Structures are given as structure tokens and as C-alpha cells.
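Next up, work_16.txt (compact mmCIF, C-alpha atoms):
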```
# COMPACT_ATOMS: atom_id res chain seq x y z
CA MET V 1 29.23 -32.56 15.26
CA LYS V 2 25.81 -33.56 16.53
CA PRO V 3 23.08 -34.30 13.94
CA VAL V 4 21.12 -31.19 13.00
CA GLN V 5 17.33 -30.98 13.22
CA ALA V 6 17.13 -27.20 12.73
CA LEU V 7 19.39 -24.32 11.73
CA PHE V 8 19.30 -20.88 13.35
CA PHE V 9 20.84 -17.83 11.70
CA ASP V 10 21.79 -14.29 12.60
CA LEU V 11 20.91 -11.62 10.02
CA ASP V 12 23.30 -8.67 9.89
CA GLU V 13 26.76 -9.49 8.52
CA THR V 14 25.83 -13.17 8.47
CA LEU V 15 23.24 -13.14 5.69
CA LEU V 16 22.98 -9.40 5.03
CA ASP V 17 26.07 -7.70 3.64
CA GLY V 18 26.03 -4.20 5.10
CA SER V 19 29.06 -2.92 3.21
CA GLY V 20 26.91 -0.81 0.88
CA LEU V 21 25.14 1.12 3.62
CA GLN V 22 27.79 3.83 3.79
CA ASP V 23 27.03 4.64 0.18
CA SER V 24 23.40 5.25 1.13
CA ILE V 25 24.57 7.98 3.52
CA LEU V 26 26.73 9.55 0.81
CA ARG V 27 23.81 9.52 -1.61
CA THR V 28 21.48 11.02 0.98
CA CYS V 29 23.88 13.84 1.79
CA GLY V 30 24.29 14.54 -1.90
CA LYS V 31 20.52 14.68 -2.34
CA ILE V 32 20.15 17.08 0.59
CA ALA V 33 22.90 19.35 -0.71
CA THR V 34 21.29 19.41 -4.15
CA SER V 35 17.93 20.47 -2.71
CA GLN V 36 19.48 23.01 -0.32
CA PRO V 37 22.30 24.96 -2.04
CA GLY V 38 23.50 26.38 1.29
CA LEU V 39 24.46 22.92 2.55
CA ASP V 40 27.64 21.08 1.58
CA ALA V 41 27.50 17.32 0.98
CA THR V 42 30.97 16.64 2.37
CA ARG V 43 30.22 18.53 5.58
CA LEU V 44 26.92 16.67 5.92
CA VAL V 45 28.73 13.34 5.69
CA GLU V 46 31.22 14.43 8.34
CA ALA V 47 28.47 15.72 10.61
CA ASN V 48 26.45 12.55 10.22
CA SER V 49 29.43 10.44 11.23
CA GLU V 50 30.05 12.63 14.26
CA VAL V 51 26.40 12.44 15.25
CA TRP V 52 26.30 8.66 15.11
CA ARG V 53 29.40 8.33 17.27
CA GLY V 54 27.69 10.28 20.03
CA TYR V 55 24.05 9.37 19.46
CA TRP V 56 24.22 5.61 18.91
CA PRO V 57 25.45 4.75 22.44
CA GLU V 58 22.49 6.73 23.80
CA VAL V 59 19.88 4.72 21.91
CA GLU V 60 21.37 1.33 21.03
CA ASP V 61 19.82 -0.58 23.93
CA ASN V 62 16.37 0.98 23.46
CA TRP V 63 16.50 0.33 19.71
CA THR V 64 17.59 -3.26 20.29
CA LEU V 65 14.85 -3.97 22.82
CA GLY V 66 12.10 -2.26 20.85
CA THR V 67 11.34 0.68 23.10
CA LEU V 68 12.56 3.00 20.33
CA ASP V 69 11.85 2.27 16.69
CA GLY V 70 14.27 2.63 13.82
CA ALA V 71 12.30 5.40 12.13
CA SER V 72 12.56 7.60 15.23
CA VAL V 73 16.27 6.94 15.56
CA SER V 74 16.88 7.81 11.93
CA LEU V 75 14.85 11.02 12.09
CA GLU V 76 16.68 12.23 15.19
CA ALA V 77 20.08 11.38 13.70
CA TRP V 78 19.34 13.44 10.59
CA ARG V 79 17.86 16.23 12.69
CA ARG V 80 21.14 16.43 14.65
CA THR V 81 23.17 16.18 11.45
CA LEU V 82 21.40 19.15 9.91
CA ARG V 83 21.62 21.20 13.10
CA ALA V 84 25.38 20.60 13.18
CA CYS V 85 25.43 22.20 9.74
CA GLY V 86 23.34 25.17 10.87
CA CYS V 87 20.00 23.96 9.52
CA HIS V 88 16.95 23.62 11.79
CA ASP V 89 14.36 22.81 9.13
CA GLU V 90 12.23 19.96 10.51
CA SER V 91 10.76 19.17 7.11
CA LEU V 92 14.27 18.71 5.71
CA ALA V 93 15.14 16.33 8.55
CA TRP V 94 12.08 14.27 7.62
CA PHE V 95 13.07 14.39 3.94
CA ALA V 96 16.59 13.25 4.81
CA SER V 97 15.32 10.36 6.90
CA GLN V 98 12.90 9.19 4.22
CA THR V 99 15.54 9.53 1.50
CA HIS V 100 18.08 7.59 3.52
CA GLY V 101 15.52 4.85 4.11
CA LEU V 102 14.96 4.54 0.37
CA PHE V 103 18.66 4.48 -0.48
CA GLY V 104 19.33 2.10 2.41
CA ARG V 105 16.81 -0.41 1.06
CA GLU V 106 18.49 -0.20 -2.33
CA ALA V 107 21.83 -0.93 -0.65
CA TYR V 108 20.68 -4.10 1.12
CA ARG V 109 22.12 -7.23 -0.42
CA LEU V 110 22.76 -10.79 0.58
CA PHE V 111 26.20 -12.32 0.63
CA ASP V 112 26.81 -14.39 -2.48
CA ASP V 113 26.69 -17.71 -0.62
CA VAL V 114 23.28 -17.25 1.04
CA ARG V 115 20.74 -18.32 -1.57
CA GLU V 116 22.71 -21.41 -2.57
CA LEU V 117 22.83 -22.55 1.04
CA PHE V 118 19.14 -21.87 1.67
CA THR V 119 18.13 -23.76 -1.45
CA SER V 120 20.14 -26.78 -0.31
CA VAL V 121 18.76 -26.62 3.22
CA LYS V 122 15.16 -26.32 2.06
CA GLU V 123 15.61 -29.31 -0.24
CA ALA V 124 16.82 -31.24 2.81
CA ARG V 125 13.69 -30.05 4.71
CA ILE V 126 15.70 -28.65 7.61
CA PRO V 127 13.65 -26.06 9.56
CA LEU V 128 15.17 -22.58 9.68
CA ALA V 129 14.93 -19.83 12.27
CA LEU V 130 16.22 -16.28 12.21
CA ILE V 131 17.31 -14.69 15.48
CA THR V 132 18.28 -11.06 15.08
CA ASN V 133 18.83 -8.07 17.34
CA GLY V 134 17.21 -4.78 16.40
CA ALA V 135 14.02 -2.76 16.28
CA SER V 136 11.08 -4.46 14.63
CA ASP V 137 10.60 -1.89 11.86
CA THR V 138 14.30 -1.88 10.96
CA GLN V 139 14.72 -5.65 10.79
CA ARG V 140 11.37 -6.36 9.13
CA ASP V 141 12.21 -3.77 6.48
CA LYS V 142 15.42 -5.66 5.69
CA LEU V 143 13.61 -8.98 5.45
CA ARG V 144 10.97 -7.53 3.10
CA ALA V 145 13.52 -5.75 0.93
CA LEU V 146 15.51 -8.96 0.52
CA ASP V 147 12.44 -11.22 0.24
CA LEU V 148 13.79 -13.36 3.08
CA GLU V 149 10.82 -13.98 5.36
CA HIS V 150 9.50 -16.95 3.39
CA TRP V 151 12.74 -18.85 3.96
CA PHE V 152 12.22 -19.03 7.71
CA ASP V 153 9.84 -21.11 9.77
CA VAL V 154 10.42 -18.84 12.78
CA VAL V 155 11.65 -15.24 13.05
CA VAL V 156 12.71 -13.86 16.44
CA ILE V 157 13.47 -10.14 16.51
CA SER V 158 14.73 -8.66 19.77
CA GLY V 159 12.63 -5.51 19.38
CA GLU V 160 9.50 -7.66 19.23
CA ALA V 161 10.52 -10.11 21.96
CA GLY V 162 11.80 -7.49 24.39
CA LEU V 163 15.05 -9.35 24.91
CA ALA V 164 18.18 -9.77 22.85
CA LYS V 165 21.04 -12.11 22.12
CA PRO V 166 23.07 -13.32 23.96
CA ASP V 167 20.12 -13.94 26.29
CA PRO V 168 19.48 -17.68 25.89
CA ILE V 169 15.73 -17.03 26.10
CA ALA V 170 15.93 -15.48 22.60
CA PHE V 171 17.08 -18.86 21.30
CA GLY V 172 14.55 -20.64 23.50
CA LEU V 173 11.69 -18.83 21.79
CA ALA V 174 12.68 -20.38 18.47
CA LEU V 175 13.33 -23.78 20.03
CA ASP V 176 9.84 -23.82 21.53
CA LYS V 177 8.14 -22.82 18.28
CA LEU V 178 9.97 -25.49 16.32
CA ALA V 179 9.66 -28.08 19.11
CA VAL V 180 13.32 -29.11 18.83
CA GLU V 181 15.95 -29.83 21.46
CA PRO V 182 18.93 -27.44 21.65
CA LYS V 183 21.43 -30.28 21.35
CA ASN V 184 20.12 -30.90 17.82
CA VAL V 185 20.29 -27.27 16.64
CA TRP V 186 23.15 -25.33 15.07
CA HIS V 187 23.24 -21.53 15.29
CA VAL V 188 25.27 -19.61 12.71
CA GLY V 189 26.38 -16.02 13.30
CA ASP V 190 29.23 -13.58 12.87
CA SER V 191 29.37 -12.25 16.44
CA LEU V 192 31.31 -14.04 19.15
CA THR V 193 29.68 -11.98 21.91
CA THR V 194 26.04 -12.32 20.85
CA ASP V 195 25.79 -15.33 18.54
CA VAL V 196 28.44 -17.72 19.83
CA ALA V 197 28.08 -16.85 23.51
CA GLY V 198 24.29 -16.87 23.35
CA ALA V 199 24.04 -20.13 21.42
CA LYS V 200 26.36 -21.91 23.82
CA MET V 201 24.45 -20.65 26.86
CA ALA V 202 21.27 -21.96 25.26
CA GLY V 203 22.85 -25.37 24.64
CA LEU V 204 23.08 -25.08 20.85
CA THR V 205 26.04 -25.89 18.65
CA ALA V 206 27.66 -22.50 18.03
CA ILE V 207 29.04 -21.96 14.54
CA TRP V 208 31.08 -18.81 14.09
CA LEU V 209 30.93 -17.40 10.56
CA ASN V 210 34.24 -15.58 10.39
CA ARG V 211 34.13 -14.15 6.88
CA ARG V 212 37.01 -11.75 7.52
CA ARG V 213 39.17 -14.41 9.19
CA LEU V 214 39.60 -12.35 12.32
CA PRO V 215 41.66 -13.78 15.19
CA ARG V 216 39.91 -14.57 18.43
CA ARG V 217 41.19 -12.53 21.37
CA GLU V 218 41.91 -13.84 24.81
CA GLY V 219 38.65 -14.19 26.71
CA ASP V 220 36.46 -14.35 23.60
CA PRO V 221 33.78 -17.06 23.58
CA GLU V 222 34.97 -20.20 21.83
CA PRO V 223 32.77 -21.50 19.00
CA ASP V 224 32.15 -25.19 18.50
CA VAL V 225 32.97 -24.72 14.81
CA GLU V 226 34.53 -21.87 12.84
CA ILE V 227 33.67 -21.42 9.17
CA TYR V 228 34.66 -18.78 6.62
CA SER V 229 31.74 -19.09 4.21
CA LEU V 230 28.23 -20.47 4.32
CA LEU V 231 29.40 -22.94 1.69
CA ASP V 232 31.53 -24.46 4.46
CA LEU V 233 28.28 -25.07 6.32
CA THR V 234 26.91 -26.97 3.35
CA ALA V 235 29.93 -29.26 3.51
CA LEU V 236 29.35 -29.87 7.23
CA LEU V 237 25.72 -30.75 6.63
CA LEU V 238 26.75 -33.35 4.05
CA GLU V 239 29.25 -35.10 6.34
```
Would you kindly transcribe this structure into C-alpha cells?
Amino acid sequence: MKPVQALFFDLDETLLDGSGLQDSILRTCGKIATSQPGLDATRLVEANSEVWRGYWPEVEDNWTLGTLDGASVSLEAWRRTLRACGCHDESLAWFASQTHGLFGREAYRLFDDVRELFTSVKEARIPLALITNGASDTQRDKLRALDLEHWFDVVVISGEAGLAKPDPIAFGLALDKLAVEPKNVWHVGDSLTTDVAGAKMAGLTAIWLNRRRLPRREGDPEPDVEIYSLLDLTALLLE
């Protein structure tokens, strides 16, 4: 392992545990059904799932690159969900989107190993950068809800930069702002295709955070290091 002068991190499923987000959909559907007796919560959940399977491929790239914001995506998804259940009330679609945003923020949480790692890294005065794919409003909302922004010296969000991981330029933006060489930077992320592949193309040390201990498939990018917890990263930094 090369000495580290800066650490880069992914956000979703690396720092942010998204396992509670499904509950925010269940709560939203329950709230809608309570306010509109003609609608069934279970059917709303089913419709919402069906909508996302068809709608997300249509908008993912635009959302990622910032030409479509998260609020617009959410509103349209709930509009389609309600229409699938026979409801065309635009005000209810807005209510559903706002309610889901509230419940979603309540569902955001960090993995248990995050704050301990960040405290150790800050004590060691290692600069930190966040490189995350997504619309600006969506990702900034997560950072505010989790009070994360102050941990990072640089934040690169694809929807603000107009380019996304694995594009090495996304990593280059953070490298330039921190004035560090890629050979002295480690990037930590859960995705082989965006984090590991992108970091390696940019010349960084690619650390794959494989919390679920998934096997790599043939043809997958090969990380420089595989860890199962951010506490493993602490051990590497102390070597």
C-alpha cells in the first residue's frame, strides 16, 4: 500500500445505509391511504414498485448528470403511482412526494463504523473528499440530514459537475482542489463498476468496501484492496 495523503469516499451504501428507505415508501403509502379512503396502501406499494422498474431507466442518466433534479423525479414517480391506482389528483401527487421526502430523510442513517473512522482520520489530519453520483438536490439533502458536509474538505456531486463516476475526471476534480497526486490517494466505495473502475482509471488506490462479502464475477474490475468494514480501513491506515 502506498502512503496516503488524502482519502476519497463514495456516499450511498458506503457511508449511507439505504436499507431503511423501503420503509419510507411503506409509510408514505400508508399516509396516502389514510388521507384518501378510496386508495389501498398495499396496492400503492405495488404500483410504486412497478413504476420505478419502468421509470428509473428512463431518467437515471439525466438524474445522475443533473439535467433532472430529484424533486422532479420523485413527483413524477408518485404521479404515475397514483394514476396506476386510478387517481389523477395532482395535489395528492405533490403531497405524496413531499411526504416521502420527509420520511426518507428520517430513514437516512450512517453505517455504524462511519463516525469512528472519520474521527480517527480527522485526528490524523488526513484530507477527505466525497465523490458521489446523483442529482444535486438529492445528494445535498442526504449530506444535510446526516450532518456530513463538515467532514469533507471537498464534495464532488455528479449532478453539479455534469459528469459521473467512473469518469476519471470526477476524481480529478477532487485531486485538483486538494492539490494531491493520485498515487497518494485512496478511494473507498462499494461499487466495482463506478468506484473501483473509476479510481483505477484515475490512478488512485481503489479500495472496495464489500460489506455483504459478495463474490467478484469474471470481468469485474479488480480492486487494489478489499475490505469488509470501514474499521478495516482504520487498520490499514495504522500499518
(request) For Pro3 of chain V, work out the shell of residues within 9 Å, counting all atoms listed in the file and skipping chain neighbours fewer than 6 positions away, then give it as a PyMOL selection string. (result) chain V and resi 183-185+237
Write the residues of the preceding selection, restricted to C-alpha atoms, as a PDB file, in the frame of the given file.
```
ATOM      1  CA  LYS V 183      21.430 -30.280  21.350  1.00  0.00           C
ATOM      2  CA  ASN V 184      20.120 -30.900  17.820  1.00  0.00           C
ATOM      3  CA  VAL V 185      20.290 -27.270  16.640  1.00  0.00           C
ATOM      4  CA  LEU V 237      25.720 -30.750   6.630  1.00  0.00           C
TER       5      LEU V 237
END
```
(message) Around the point (30.4, 21.5, 5.8) (coordinates from the file), which residues reach within 12 Å if we count all atoms listed in the file? Answer as an MDAnalysis selection string.
(response) chainID V and resid 29 33 37:48 81:87
(message) Taking 3 positions as the minimum chain separation for residues in the same chain, which residues sit within 12 Å of Arg125 of chain V when counting only C-alpha atoms? Answer as a VMD selection string.
(response) chain V and resid 4 to 7 118 to 122 128 151 to 153
Once you have the residues from the selection above, write them out as a tab-separated table (two decimals), in the coordinates of the input, restricted to C-alpha atoms.
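Saved file result.tsv follows:
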```tsv
chain	number	residue	atom	x	y	z
V	4	VAL	CA	21.12	-31.19	13.00
V	5	GLN	CA	17.33	-30.98	13.22
V	6	ALA	CA	17.13	-27.20	12.73
V	7	LEU	CA	19.39	-24.32	11.73
V	118	PHE	CA	19.14	-21.87	1.67
V	119	THR	CA	18.13	-23.76	-1.45
V	120	SER	CA	20.14	-26.78	-0.31
V	121	VAL	CA	18.76	-26.62	3.22
V	122	LYS	CA	15.16	-26.32	2.06
V	128	LEU	CA	15.17	-22.58	9.68
V	151	TRP	CA	12.74	-18.85	3.96
V	152	PHE	CA	12.22	-19.03	7.71
V	153	ASP	CA	9.84	-21.11	9.77
```
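Reported to one decimal place, the separation of atom CA of Leu16 of chain V from atom CA of Val154 of chain V is 17.5 Å.
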(message) What does the structure give for the distance between atom CA of Leu178 of chain V and atom CA of Ala129 of chain V, in Å to one decimal?
(response)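 Distance reported for this atom pair: 8.5 Å.
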(request) State, in Å with one decimal place, the distance from atom CA of Ile227 of chain V to atom CA of Arg213 of chain V. (result)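 These atoms are spaced 8.9 Å apart.
Compared by their closest atoms to Arg212 of chain V, and using only C-alpha atoms, the residues V:Ala145, V:Ala107, V:Gly30, V:Ser191 rank with V:Ser191 nearest.
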(message) Calculated over only C-alpha atoms, which of the candidates V:Ala197, V:Ala71, V:Ile25, V:Val180 has the smallest distance to Ile126 of chain V?
(response)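 Selected residue with least distance to Ile126 of chain V: V:Val180.
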(request) List the residues sitting within 12 Å of (10.2, -12.6, 25.2) in the file's frame, using only C-alpha atoms, as a list of chain:residue names. (result)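 Taken together, the residues in range are V:Leu65, V:Gly66, V:Val156, V:Ile157, V:Ser158, V:Gly159, V:Glu160, V:Ala161, V:Gly162, V:Leu163, V:Ala164, V:Lys165, V:Asp167, V:Pro168, V:Ile169, V:Ala170, V:Phe171, V:Gly172, V:Leu173, V:Ala174, V:Asp176.
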(message) Let me make sure I understand: among V:Trp56, V:Trp186, V:Tyr228, V:Phe95, which one has the smallest atom-to-atom distance to Ser35 of chain V if we use all atoms listed in the file?
(response)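 Smallest separation from Ser35 of chain V among the options: V:Phe95.
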(request) Using all atoms listed in the file, find the one residue out of V:Asp190, V:Glu181, V:Glu50, V:Glu58 that sits nearest to Glu13 of chain V. (result) V:Asp190
(request) Determine the nearest neighbour of Arg79 of chain V from the options V:Asp113, V:Glu106, V:Leu146, V:Trp94, counting only C-alpha atoms. (result) V:Trp94
